[in-house]
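Raw contents of protein.txt, compact mmCIF, N, CA and C atoms:
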# COMPACT_ATOMS: atom_id res chain seq x y z
N MET A 1 0.85 -1.15 0.00
CA MET A 1 0.00 0.00 0.00
C MET A 1 0.90 1.23 0.00
N SER A 2 0.56 2.13 -0.83
CA SER A 2 1.40 3.32 -0.93
C SER A 2 1.15 4.23 0.28
N MET A 3 2.03 5.12 0.43
CA MET A 3 1.95 6.02 1.56
C MET A 3 0.73 6.94 1.46
N LEU A 4 0.41 7.37 0.27
CA LEU A 4 -0.75 8.25 0.11
C LEU A 4 -2.05 7.52 0.41
N ALA A 5 -2.13 6.26 -0.02
CA ALA A 5 -3.35 5.49 0.23
C ALA A 5 -3.52 5.24 1.73
N ARG A 6 -2.43 4.90 2.40
CA ARG A 6 -2.51 4.64 3.83
C ARG A 6 -2.93 5.91 4.58
N ARG A 7 -2.40 7.01 4.14
CA ARG A 7 -2.74 8.28 4.76
C ARG A 7 -4.22 8.60 4.59
N ALA A 8 -4.75 8.33 3.43
CA ALA A 8 -6.16 8.60 3.16
C ALA A 8 -7.05 7.69 4.00
N VAL A 9 -6.65 6.44 4.16
CA VAL A 9 -7.44 5.51 4.97
C VAL A 9 -7.43 5.93 6.44
N LEU A 10 -6.26 6.31 6.94
CA LEU A 10 -6.16 6.72 8.35
C LEU A 10 -6.94 8.00 8.63
N ARG A 11 -7.02 8.87 7.62
CA ARG A 11 -7.78 10.10 7.83
C ARG A 11 -9.28 9.84 7.76
N ALA A 12 -9.69 8.83 7.07
CA ALA A 12 -11.11 8.53 6.94
C ALA A 12 -11.68 7.86 8.18
N VAL A 13 -10.83 7.16 8.95
CA VAL A 13 -11.29 6.45 10.14
C VAL A 13 -11.55 7.48 11.25
N PRO A 14 -12.72 7.44 11.88
CA PRO A 14 -12.99 8.39 12.96
C PRO A 14 -12.11 8.10 14.18
N ARG A 15 -11.60 9.15 14.76
CA ARG A 15 -10.73 9.01 15.92
C ARG A 15 -11.49 9.30 17.20
N ALA A 16 -11.13 8.60 18.25
CA ALA A 16 -11.73 8.86 19.56
C ALA A 16 -10.91 9.95 20.25
N ARG A 17 -11.61 10.90 20.78
CA ARG A 17 -10.92 11.99 21.48
C ARG A 17 -10.76 11.61 22.95
N ASN A 18 -9.56 11.78 23.47
CA ASN A 18 -9.27 11.41 24.85
C ASN A 18 -9.11 12.66 25.70
N PHE A 19 -10.23 13.27 26.06
CA PHE A 19 -10.19 14.39 26.98
C PHE A 19 -10.08 13.85 28.40
N ALA A 20 -9.69 14.72 29.31
CA ALA A 20 -9.50 14.30 30.69
C ALA A 20 -10.82 13.83 31.31
N ALA A 21 -11.93 14.45 30.95
CA ALA A 21 -13.21 14.08 31.54
C ALA A 21 -13.69 12.72 31.05
N THR A 22 -13.34 12.36 29.84
CA THR A 22 -13.81 11.08 29.30
C THR A 22 -12.77 9.99 29.46
N ALA A 23 -11.55 10.33 29.85
CA ALA A 23 -10.49 9.33 29.95
C ALA A 23 -10.72 8.41 31.14
N GLY A 24 -11.16 8.97 32.29
CA GLY A 24 -11.38 8.16 33.46
C GLY A 24 -12.84 7.80 33.60
N LYS A 25 -13.13 7.05 34.66
CA LYS A 25 -14.51 6.64 34.88
C LYS A 25 -15.30 7.71 35.62
N THR A 26 -14.60 8.67 36.24
CA THR A 26 -15.30 9.70 37.00
C THR A 26 -15.32 11.00 36.22
N SER A 27 -16.28 11.80 36.52
CA SER A 27 -16.40 13.08 35.83
C SER A 27 -15.51 14.12 36.51
N TYR A 28 -15.39 15.25 35.87
CA TYR A 28 -14.58 16.34 36.40
C TYR A 28 -15.12 16.79 37.75
N ARG A 29 -16.42 16.88 37.87
CA ARG A 29 -17.05 17.32 39.12
C ARG A 29 -16.74 16.35 40.26
N GLU A 30 -16.78 15.06 39.98
CA GLU A 30 -16.47 14.06 41.01
C GLU A 30 -15.01 14.15 41.43
N GLN A 31 -14.14 14.42 40.46
CA GLN A 31 -12.72 14.58 40.80
C GLN A 31 -12.51 15.80 41.68
N GLN A 32 -13.17 16.89 41.37
CA GLN A 32 -13.05 18.09 42.18
C GLN A 32 -13.58 17.86 43.60
N GLU A 33 -14.71 17.18 43.71
CA GLU A 33 -15.26 16.88 45.03
C GLU A 33 -14.33 15.98 45.83
N ALA A 34 -13.71 15.02 45.15
CA ALA A 34 -12.75 14.15 45.83
C ALA A 34 -11.53 14.94 46.30
N THR A 35 -11.08 15.86 45.47
CA THR A 35 -9.93 16.70 45.85
C THR A 35 -10.27 17.57 47.04
N ILE A 36 -11.46 18.15 47.06
CA ILE A 36 -11.89 19.01 48.17
C ILE A 36 -12.03 18.18 49.45
N ALA A 37 -12.57 16.98 49.35
CA ALA A 37 -12.71 16.11 50.52
C ALA A 37 -11.33 15.72 51.07
N HIS A 38 -10.41 15.40 50.16
CA HIS A 38 -9.05 15.04 50.59
C HIS A 38 -8.37 16.22 51.27
N ALA A 39 -8.56 17.42 50.73
CA ALA A 39 -7.97 18.61 51.33
C ALA A 39 -8.54 18.85 52.72
N ALA A 40 -9.83 18.64 52.90
CA ALA A 40 -10.45 18.82 54.21
C ALA A 40 -9.90 17.81 55.22
N GLU A 41 -9.75 16.55 54.80
CA GLU A 41 -9.20 15.53 55.69
C GLU A 41 -7.75 15.85 56.07
N THR A 42 -6.96 16.27 55.09
CA THR A 42 -5.56 16.59 55.35
C THR A 42 -5.45 17.80 56.27
N THR A 43 -6.30 18.79 56.07
CA THR A 43 -6.29 19.97 56.92
C THR A 43 -6.62 19.58 58.36
N GLU A 44 -7.60 18.75 58.53
CA GLU A 44 -7.98 18.31 59.88
C GLU A 44 -6.87 17.50 60.53
N LEU A 45 -6.19 16.66 59.75
CA LEU A 45 -5.06 15.89 60.27
C LEU A 45 -3.96 16.80 60.79
N TRP A 46 -3.56 17.80 60.00
CA TRP A 46 -2.49 18.70 60.42
C TRP A 46 -2.92 19.62 61.55
N ARG A 47 -4.20 19.94 61.62
CA ARG A 47 -4.69 20.72 62.76
C ARG A 47 -4.56 19.91 64.04
N LYS A 48 -4.92 18.61 63.99
CA LYS A 48 -4.79 17.75 65.17
C LYS A 48 -3.33 17.56 65.55
N ILE A 49 -2.46 17.38 64.55
CA ILE A 49 -1.03 17.25 64.83
C ILE A 49 -0.51 18.51 65.50
N SER A 50 -0.93 19.67 65.01
CA SER A 50 -0.47 20.93 65.59
C SER A 50 -0.91 21.08 67.03
N PHE A 51 -2.18 20.78 67.32
CA PHE A 51 -2.70 20.97 68.66
C PHE A 51 -2.24 19.91 69.64
N PHE A 52 -2.18 18.65 69.22
CA PHE A 52 -1.91 17.56 70.15
C PHE A 52 -0.47 17.08 70.17
N VAL A 53 0.36 17.54 69.24
CA VAL A 53 1.77 17.13 69.22
C VAL A 53 2.67 18.36 69.35
N CYS A 54 2.49 19.34 68.46
CA CYS A 54 3.42 20.47 68.42
C CYS A 54 3.29 21.37 69.64
N LEU A 55 2.10 21.76 70.00
CA LEU A 55 1.94 22.66 71.14
C LEU A 55 2.42 22.04 72.45
N PRO A 56 2.10 20.76 72.75
CA PRO A 56 2.68 20.16 73.97
C PRO A 56 4.21 20.05 73.89
N ALA A 57 4.75 19.78 72.71
CA ALA A 57 6.21 19.70 72.58
C ALA A 57 6.85 21.06 72.83
N ILE A 58 6.22 22.12 72.33
CA ILE A 58 6.74 23.47 72.57
C ILE A 58 6.67 23.79 74.07
N ALA A 59 5.58 23.42 74.72
CA ALA A 59 5.44 23.68 76.16
C ALA A 59 6.49 22.92 76.95
N VAL A 60 6.73 21.65 76.62
CA VAL A 60 7.74 20.86 77.32
C VAL A 60 9.13 21.46 77.12
N CYS A 61 9.45 21.84 75.90
CA CYS A 61 10.76 22.44 75.62
C CYS A 61 10.92 23.77 76.35
N THR A 62 9.86 24.56 76.42
CA THR A 62 9.91 25.83 77.13
C THR A 62 10.20 25.62 78.61
N LEU A 63 9.52 24.66 79.22
CA LEU A 63 9.77 24.38 80.63
C LEU A 63 11.17 23.84 80.86
N TRP A 64 11.66 23.01 79.97
CA TRP A 64 13.01 22.46 80.11
C TRP A 64 14.06 23.58 80.03
N VAL A 65 13.91 24.47 79.04
CA VAL A 65 14.86 25.57 78.89
C VAL A 65 14.78 26.50 80.10
N ARG A 66 13.59 26.73 80.61
CA ARG A 66 13.43 27.58 81.80
C ARG A 66 14.18 26.99 82.98
N ASN A 67 14.07 25.68 83.19
CA ASN A 67 14.77 25.03 84.30
C ASN A 67 16.28 25.09 84.10
N VAL A 68 16.75 24.85 82.89
CA VAL A 68 18.19 24.90 82.63
C VAL A 68 18.72 26.30 82.86
N GLU A 69 18.00 27.31 82.40
CA GLU A 69 18.45 28.69 82.60
C GLU A 69 18.40 29.09 84.07
N ALA A 70 17.43 28.58 84.82
CA ALA A 70 17.37 28.87 86.25
C ALA A 70 18.58 28.26 86.95
N GLU A 71 18.96 27.04 86.58
CA GLU A 71 20.16 26.42 87.15
C GLU A 71 21.41 27.22 86.80
N HIS A 72 21.47 27.69 85.56
CA HIS A 72 22.63 28.47 85.13
C HIS A 72 22.72 29.78 85.91
N GLU A 73 21.59 30.43 86.09
CA GLU A 73 21.58 31.68 86.84
C GLU A 73 21.97 31.46 88.30
N ALA A 74 21.49 30.36 88.89
CA ALA A 74 21.88 30.04 90.27
C ALA A 74 23.38 29.78 90.35
N HIS A 75 23.93 29.12 89.38
CA HIS A 75 25.37 28.86 89.36
C HIS A 75 26.15 30.17 89.21
N GLN A 76 25.66 31.08 88.37
CA GLN A 76 26.32 32.38 88.21
C GLN A 76 26.32 33.15 89.53
N HIS A 77 25.18 33.15 90.23
CA HIS A 77 25.11 33.84 91.52
C HIS A 77 26.07 33.20 92.52
N HIS A 78 26.17 31.88 92.49
CA HIS A 78 27.09 31.18 93.39
C HIS A 78 28.54 31.60 93.10
N LEU A 79 28.90 31.67 91.82
CA LEU A 79 30.25 32.09 91.46
C LEU A 79 30.53 33.53 91.88
N ILE A 80 29.54 34.39 91.73
CA ILE A 80 29.71 35.79 92.13
C ILE A 80 29.89 35.90 93.64
N GLU A 81 29.11 35.14 94.42
CA GLU A 81 29.24 35.18 95.87
C GLU A 81 30.61 34.64 96.32
N GLU A 82 31.09 33.61 95.64
CA GLU A 82 32.38 33.03 96.01
C GLU A 82 33.54 33.98 95.72
N ASN A 83 33.39 34.84 94.70
CA ASN A 83 34.50 35.68 94.27
C ASN A 83 34.33 37.15 94.64
N GLY A 84 33.63 37.42 95.68
CA GLY A 84 33.55 38.78 96.18
C GLY A 84 32.73 39.73 95.32
N GLY A 85 31.68 39.28 94.70
CA GLY A 85 30.79 40.17 93.95
C GLY A 85 31.10 40.30 92.47
N LYS A 86 32.12 39.61 91.98
CA LYS A 86 32.44 39.67 90.55
C LYS A 86 32.63 38.26 90.02
N LEU A 87 32.38 38.11 88.74
CA LEU A 87 32.65 36.81 88.12
C LEU A 87 34.15 36.59 88.02
N PRO A 88 34.61 35.37 88.15
CA PRO A 88 36.04 35.12 88.02
C PRO A 88 36.50 35.41 86.59
N GLU A 89 37.73 35.86 86.48
CA GLU A 89 38.29 36.16 85.16
C GLU A 89 38.55 34.86 84.41
N PRO A 90 38.17 34.80 83.15
CA PRO A 90 38.49 33.61 82.37
C PRO A 90 39.99 33.55 82.12
N PRO A 91 40.52 32.38 81.82
CA PRO A 91 41.96 32.28 81.55
C PRO A 91 42.35 33.18 80.37
N ALA A 92 43.52 33.76 80.44
CA ALA A 92 43.98 34.68 79.40
C ALA A 92 44.68 33.89 78.29
N TYR A 93 43.92 33.15 77.55
CA TYR A 93 44.49 32.42 76.42
C TYR A 93 44.81 33.42 75.31
N GLU A 94 45.92 33.23 74.63
CA GLU A 94 46.34 34.21 73.63
C GLU A 94 45.45 34.22 72.39
N TYR A 95 44.73 33.14 72.15
CA TYR A 95 43.87 33.10 70.96
C TYR A 95 42.48 33.67 71.23
N LEU A 96 42.16 34.01 72.47
CA LEU A 96 40.86 34.60 72.79
C LEU A 96 40.94 36.12 72.75
N ASN A 97 39.89 36.75 72.27
CA ASN A 97 39.73 38.21 72.28
C ASN A 97 40.90 38.94 71.62
N ARG A 98 41.30 38.49 70.48
CA ARG A 98 42.40 39.14 69.75
C ARG A 98 41.88 40.36 69.02
N ARG A 99 42.67 41.38 68.98
CA ARG A 99 42.36 42.57 68.19
C ARG A 99 43.51 42.78 67.22
N ALA A 100 43.55 42.01 66.15
CA ALA A 100 44.67 42.06 65.20
C ALA A 100 44.71 43.39 64.45
N ALA A 101 43.55 43.99 64.21
CA ALA A 101 43.50 45.24 63.45
C ALA A 101 43.57 46.46 64.35
N GLY A 102 43.82 46.24 65.62
CA GLY A 102 43.85 47.37 66.54
C GLY A 102 42.51 47.57 67.21
N PRO A 103 42.40 48.58 68.06
CA PRO A 103 41.14 48.80 68.78
C PRO A 103 40.07 49.35 67.84
N PHE A 104 38.84 49.26 68.30
CA PHE A 104 37.74 49.88 67.57
C PHE A 104 37.88 51.39 67.70
N PRO A 105 37.20 52.16 66.85
CA PRO A 105 37.29 53.63 66.98
C PRO A 105 36.79 54.15 68.33
N TRP A 106 35.91 53.42 69.00
CA TRP A 106 35.36 53.86 70.28
C TRP A 106 36.06 53.20 71.47
N GLY A 107 37.10 52.38 71.24
CA GLY A 107 37.85 51.76 72.33
C GLY A 107 38.06 50.28 72.07
N MET A 108 38.51 49.58 73.09
CA MET A 108 38.83 48.16 72.93
C MET A 108 37.61 47.25 72.98
N ASN A 109 36.54 47.69 73.60
CA ASN A 109 35.35 46.86 73.72
C ASN A 109 34.50 46.95 72.46
N THR A 110 33.70 45.91 72.25
CA THR A 110 32.83 45.89 71.08
C THR A 110 31.70 46.90 71.25
N LEU A 111 30.96 47.12 70.19
CA LEU A 111 29.85 48.08 70.22
C LEU A 111 28.75 47.63 71.18
N PHE A 112 28.56 46.32 71.29
CA PHE A 112 27.50 45.77 72.14
C PHE A 112 28.08 45.24 73.46
N PHE A 113 29.02 45.94 74.04
CA PHE A 113 29.67 45.52 75.28
C PHE A 113 28.68 45.54 76.43
N ASN A 114 28.64 44.45 77.20
CA ASN A 114 27.81 44.35 78.39
C ASN A 114 28.72 43.92 79.53
N PRO A 115 28.94 44.77 80.53
CA PRO A 115 29.91 44.45 81.58
C PRO A 115 29.52 43.24 82.44
N LYS A 116 28.23 42.88 82.45
CA LYS A 116 27.82 41.71 83.23
C LYS A 116 28.17 40.41 82.53
N VAL A 117 28.33 40.45 81.22
CA VAL A 117 28.51 39.22 80.45
C VAL A 117 29.88 39.17 79.76
N ASN A 118 30.32 40.29 79.19
CA ASN A 118 31.53 40.31 78.38
C ASN A 118 32.75 40.70 79.20
N LYS A 119 33.89 40.26 78.74
CA LYS A 119 35.15 40.62 79.36
C LYS A 119 35.51 42.04 78.95
N ASP A 120 35.93 42.85 79.91
CA ASP A 120 36.28 44.24 79.62
C ASP A 120 37.70 44.27 79.05
N MET A 121 37.80 44.52 77.76
CA MET A 121 39.09 44.48 77.07
C MET A 121 39.94 45.71 77.38
N SER A 122 39.34 46.81 77.80
CA SER A 122 40.14 48.00 78.09
C SER A 122 40.97 47.79 79.36
N ILE A 123 40.48 47.03 80.30
CA ILE A 123 41.22 46.75 81.53
C ILE A 123 42.41 45.83 81.24
N THR A 124 42.19 44.80 80.44
CA THR A 124 43.27 43.85 80.16
C THR A 124 44.32 44.47 79.25
N ASP A 125 43.94 45.46 78.45
CA ASP A 125 44.88 46.10 77.55
C ASP A 125 45.87 46.97 78.30
N GLU A 126 45.39 47.64 79.35
CA GLU A 126 46.24 48.57 80.12
C GLU A 126 47.23 47.84 81.00
N GLU A 127 46.89 46.65 81.45
CA GLU A 127 47.75 45.91 82.37
C GLU A 127 48.95 45.32 81.72

Rendering of file as structure tokens:
Amino acid sequence: MSMLARRAVLRAVPRARNFAATAGKTSYREQQEATIAHAAETTELWRKISFFVCLPAIAVCTLWVRNVEAEHEAHQHHLIEENGGKLPEPPAYEYLNRRAAGPFPWGMNTLFFNPKVNKDMSITDEE
């Protein structure tokens, strides 16, 4: 059979159109309703997970961190009482608190210097 004849025969045969609505056994509306139902079920599942798993876990972690920080604060107060009202000086290791480029324009301490927490670099520099 020549190519032209085969082409003519294939064009004469009616073709079935495969649209999405006719391809499956369910209609478009049923698919949409199934999708909406699935979304509602999934939303309810994650809502339950959030309320019954995540919120209690956050509460437990909050209480644990609060207890750890309370112990840390009690230890800090103990160290301050032992050392006459000041925290003990950390060891003067040469690799700690280096100022290779020189002091900051406002002095040896950083911009966010807190005397209760940070080491005062201006005192150690003068000594």

Inset, instruction - Rounded to one decimal place, report the atom C of A:Glu41-atom CA of A:Ile58 distance in Å. - result: 23.2 Å

Inset, instruction - Would you return as a PyMOL selection string the members of stretch 74-119 of chain A that DSSP assigns to helix (DSSP H, G or I) on this structure's backbone? - result: chain A and resi 74-82

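Pairwise distance (atom CA of A:Asp120, atom N of A:Glu69) equals 25.1 Å.
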
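From atom CA of A:Lys119 back to atom N of A:Gln76, the distance works out to 16.2 Å.
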
Your completed stretch 97-108 of chain A with all heavy atoms, as a PDB file, in the coordinates of the input:
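Below is the file that was written, part07.pdb:
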ATOM      1  N   ASN A  97      39.890  36.750  72.270  1.00  0.00           N
ATOM      2  CA  ASN A  97      39.730  38.210  72.280  1.00  0.00           C
ATOM      3  C   ASN A  97      40.900  38.940  71.620  1.00  0.00           C
ATOM      4  O   ASN A  97      41.419  39.904  72.149  1.00  0.00           O
ATOM      5  CB  ASN A  97      39.553  38.710  73.721  1.00  0.00           C
ATOM      6  CG  ASN A  97      38.354  38.108  74.372  1.00  0.00           C
ATOM      7  OD1 ASN A  97      37.287  38.036  73.775  1.00  0.00           O
ATOM      8  ND2 ASN A  97      38.507  37.647  75.606  1.00  0.00           N
ATOM      9  N   ARG A  98      41.300  38.490  70.480  1.00  0.00           N
ATOM     10  CA  ARG A  98      42.400  39.140  69.750  1.00  0.00           C
ATOM     11  C   ARG A  98      41.880  40.360  69.020  1.00  0.00           C
ATOM     12  O   ARG A  98      40.803  40.358  68.467  1.00  0.00           O
ATOM     13  CB  ARG A  98      43.017  38.164  68.756  1.00  0.00           C
ATOM     14  CG  ARG A  98      43.784  37.054  69.430  1.00  0.00           C
ATOM     15  CD  ARG A  98      44.344  36.096  68.452  1.00  0.00           C
ATOM     16  NE  ARG A  98      45.172  36.779  67.474  1.00  0.00           N
ATOM     17  CZ  ARG A  98      45.545  36.245  66.323  1.00  0.00           C
ATOM     18  NH1 ARG A  98      45.174  35.041  66.003  1.00  0.00           N
ATOM     19  NH2 ARG A  98      46.295  36.911  65.488  1.00  0.00           N
ATOM     20  N   ARG A  99      42.670  41.380  68.980  1.00  0.00           N
ATOM     21  CA  ARG A  99      42.360  42.570  68.190  1.00  0.00           C
ATOM     22  C   ARG A  99      43.510  42.780  67.220  1.00  0.00           C
ATOM     23  O   ARG A  99      44.383  43.633  67.430  1.00  0.00           O
ATOM     24  CB  ARG A  99      42.206  43.800  69.096  1.00  0.00           C
ATOM     25  CG  ARG A  99      41.103  43.697  70.115  1.00  0.00           C
ATOM     26  CD  ARG A  99      39.738  43.863  69.437  1.00  0.00           C
ATOM     27  NE  ARG A  99      38.682  43.876  70.431  1.00  0.00           N
ATOM     28  CZ  ARG A  99      37.956  42.808  70.733  1.00  0.00           C
ATOM     29  NH1 ARG A  99      38.178  41.669  70.146  1.00  0.00           N
ATOM     30  NH2 ARG A  99      37.006  42.897  71.621  1.00  0.00           N
ATOM     31  N   ALA A 100      43.550  42.010  66.150  1.00  0.00           N
ATOM     32  CA  ALA A 100      44.670  42.060  65.200  1.00  0.00           C
ATOM     33  C   ALA A 100      44.710  43.390  64.450  1.00  0.00           C
ATOM     34  O   ALA A 100      45.777  43.883  64.102  1.00  0.00           O
ATOM     35  CB  ALA A 100      44.555  40.905  64.220  1.00  0.00           C
ATOM     36  N   ALA A 101      43.550  43.990  64.210  1.00  0.00           N
ATOM     37  CA  ALA A 101      43.500  45.240  63.450  1.00  0.00           C
ATOM     38  C   ALA A 101      43.570  46.460  64.350  1.00  0.00           C
ATOM     39  O   ALA A 101      43.351  47.576  63.898  1.00  0.00           O
ATOM     40  CB  ALA A 101      42.248  45.292  62.604  1.00  0.00           C
ATOM     41  N   GLY A 102      43.820  46.240  65.620  1.00  0.00           N
ATOM     42  CA  GLY A 102      43.850  47.370  66.540  1.00  0.00           C
ATOM     43  C   GLY A 102      42.510  47.570  67.210  1.00  0.00           C
ATOM     44  O   GLY A 102      41.552  46.847  66.956  1.00  0.00           O
ATOM     45  N   PRO A 103      42.400  48.580  68.060  1.00  0.00           N
ATOM     46  CA  PRO A 103      41.140  48.800  68.780  1.00  0.00           C
ATOM     47  C   PRO A 103      40.070  49.350  67.840  1.00  0.00           C
ATOM     48  O   PRO A 103      40.350  49.847  66.754  1.00  0.00           O
ATOM     49  CB  PRO A 103      41.518  49.821  69.845  1.00  0.00           C
ATOM     50  CG  PRO A 103      42.693  50.526  69.298  1.00  0.00           C
ATOM     51  CD  PRO A 103      43.437  49.524  68.452  1.00  0.00           C
ATOM     52  N   PHE A 104      38.840  49.260  68.300  1.00  0.00           N
ATOM     53  CA  PHE A 104      37.740  49.880  67.570  1.00  0.00           C
ATOM     54  C   PHE A 104      37.880  51.390  67.700  1.00  0.00           C
ATOM     55  O   PHE A 104      38.565  51.882  68.598  1.00  0.00           O
ATOM     56  CB  PHE A 104      36.400  49.415  68.144  1.00  0.00           C
ATOM     57  CG  PHE A 104      36.127  47.943  67.963  1.00  0.00           C
ATOM     58  CD1 PHE A 104      36.142  47.089  69.051  1.00  0.00           C
ATOM     59  CD2 PHE A 104      35.862  47.420  66.721  1.00  0.00           C
ATOM     60  CE1 PHE A 104      35.879  45.741  68.900  1.00  0.00           C
ATOM     61  CE2 PHE A 104      35.602  46.079  66.548  1.00  0.00           C
ATOM     62  CZ  PHE A 104      35.614  45.233  67.640  1.00  0.00           C
ATOM     63  N   PRO A 105      37.200  52.160  66.850  1.00  0.00           N
ATOM     64  CA  PRO A 105      37.290  53.630  66.980  1.00  0.00           C
ATOM     65  C   PRO A 105      36.790  54.150  68.330  1.00  0.00           C
ATOM     66  O   PRO A 105      37.224  55.196  68.789  1.00  0.00           O
ATOM     67  CB  PRO A 105      36.408  54.141  65.846  1.00  0.00           C
ATOM     68  CG  PRO A 105      36.376  53.060  64.853  1.00  0.00           C
ATOM     69  CD  PRO A 105      36.503  51.777  65.619  1.00  0.00           C
ATOM     70  N   TRP A 106      35.910  53.420  69.000  1.00  0.00           N
ATOM     71  CA  TRP A 106      35.360  53.860  70.280  1.00  0.00           C
ATOM     72  C   TRP A 106      36.060  53.200  71.470  1.00  0.00           C
ATOM     73  O   TRP A 106      35.694  53.430  72.604  1.00  0.00           O
ATOM     74  CB  TRP A 106      33.866  53.553  70.359  1.00  0.00           C
ATOM     75  CG  TRP A 106      33.546  52.134  70.027  1.00  0.00           C
ATOM     76  CD1 TRP A 106      33.560  51.069  70.876  1.00  0.00           C
ATOM     77  CD2 TRP A 106      33.205  51.622  68.758  1.00  0.00           C
ATOM     78  NE1 TRP A 106      33.244  49.930  70.215  1.00  0.00           N
ATOM     79  CE2 TRP A 106      33.011  50.237  68.894  1.00  0.00           C
ATOM     80  CE3 TRP A 106      33.034  52.193  67.503  1.00  0.00           C
ATOM     81  CZ2 TRP A 106      32.672  49.422  67.826  1.00  0.00           C
ATOM     82  CZ3 TRP A 106      32.687  51.367  66.448  1.00  0.00           C
ATOM     83  CH2 TRP A 106      32.504  50.005  66.617  1.00  0.00           C
ATOM     84  N   GLY A 107      37.100  52.380  71.240  1.00  0.00           N
ATOM     85  CA  GLY A 107      37.850  51.760  72.330  1.00  0.00           C
ATOM     86  C   GLY A 107      38.060  50.280  72.070  1.00  0.00           C
ATOM     87  O   GLY A 107      37.804  49.769  70.975  1.00  0.00           O
ATOM     88  N   MET A 108      38.510  49.580  73.090  1.00  0.00           N
ATOM     89  CA  MET A 108      38.830  48.160  72.930  1.00  0.00           C
ATOM     90  C   MET A 108      37.610  47.250  72.980  1.00  0.00           C
ATOM     91  O   MET A 108      37.640  46.142  72.480  1.00  0.00           O
ATOM     92  CB  MET A 108      39.825  47.719  74.020  1.00  0.00           C
ATOM     93  CG  MET A 108      41.233  48.200  73.791  1.00  0.00           C
ATOM     94  SD  MET A 108      41.945  47.597  72.248  1.00  0.00           S
ATOM     95  CE  MET A 108      42.132  45.872  72.604  1.00  0.00           C
TER      96      MET A 108
END
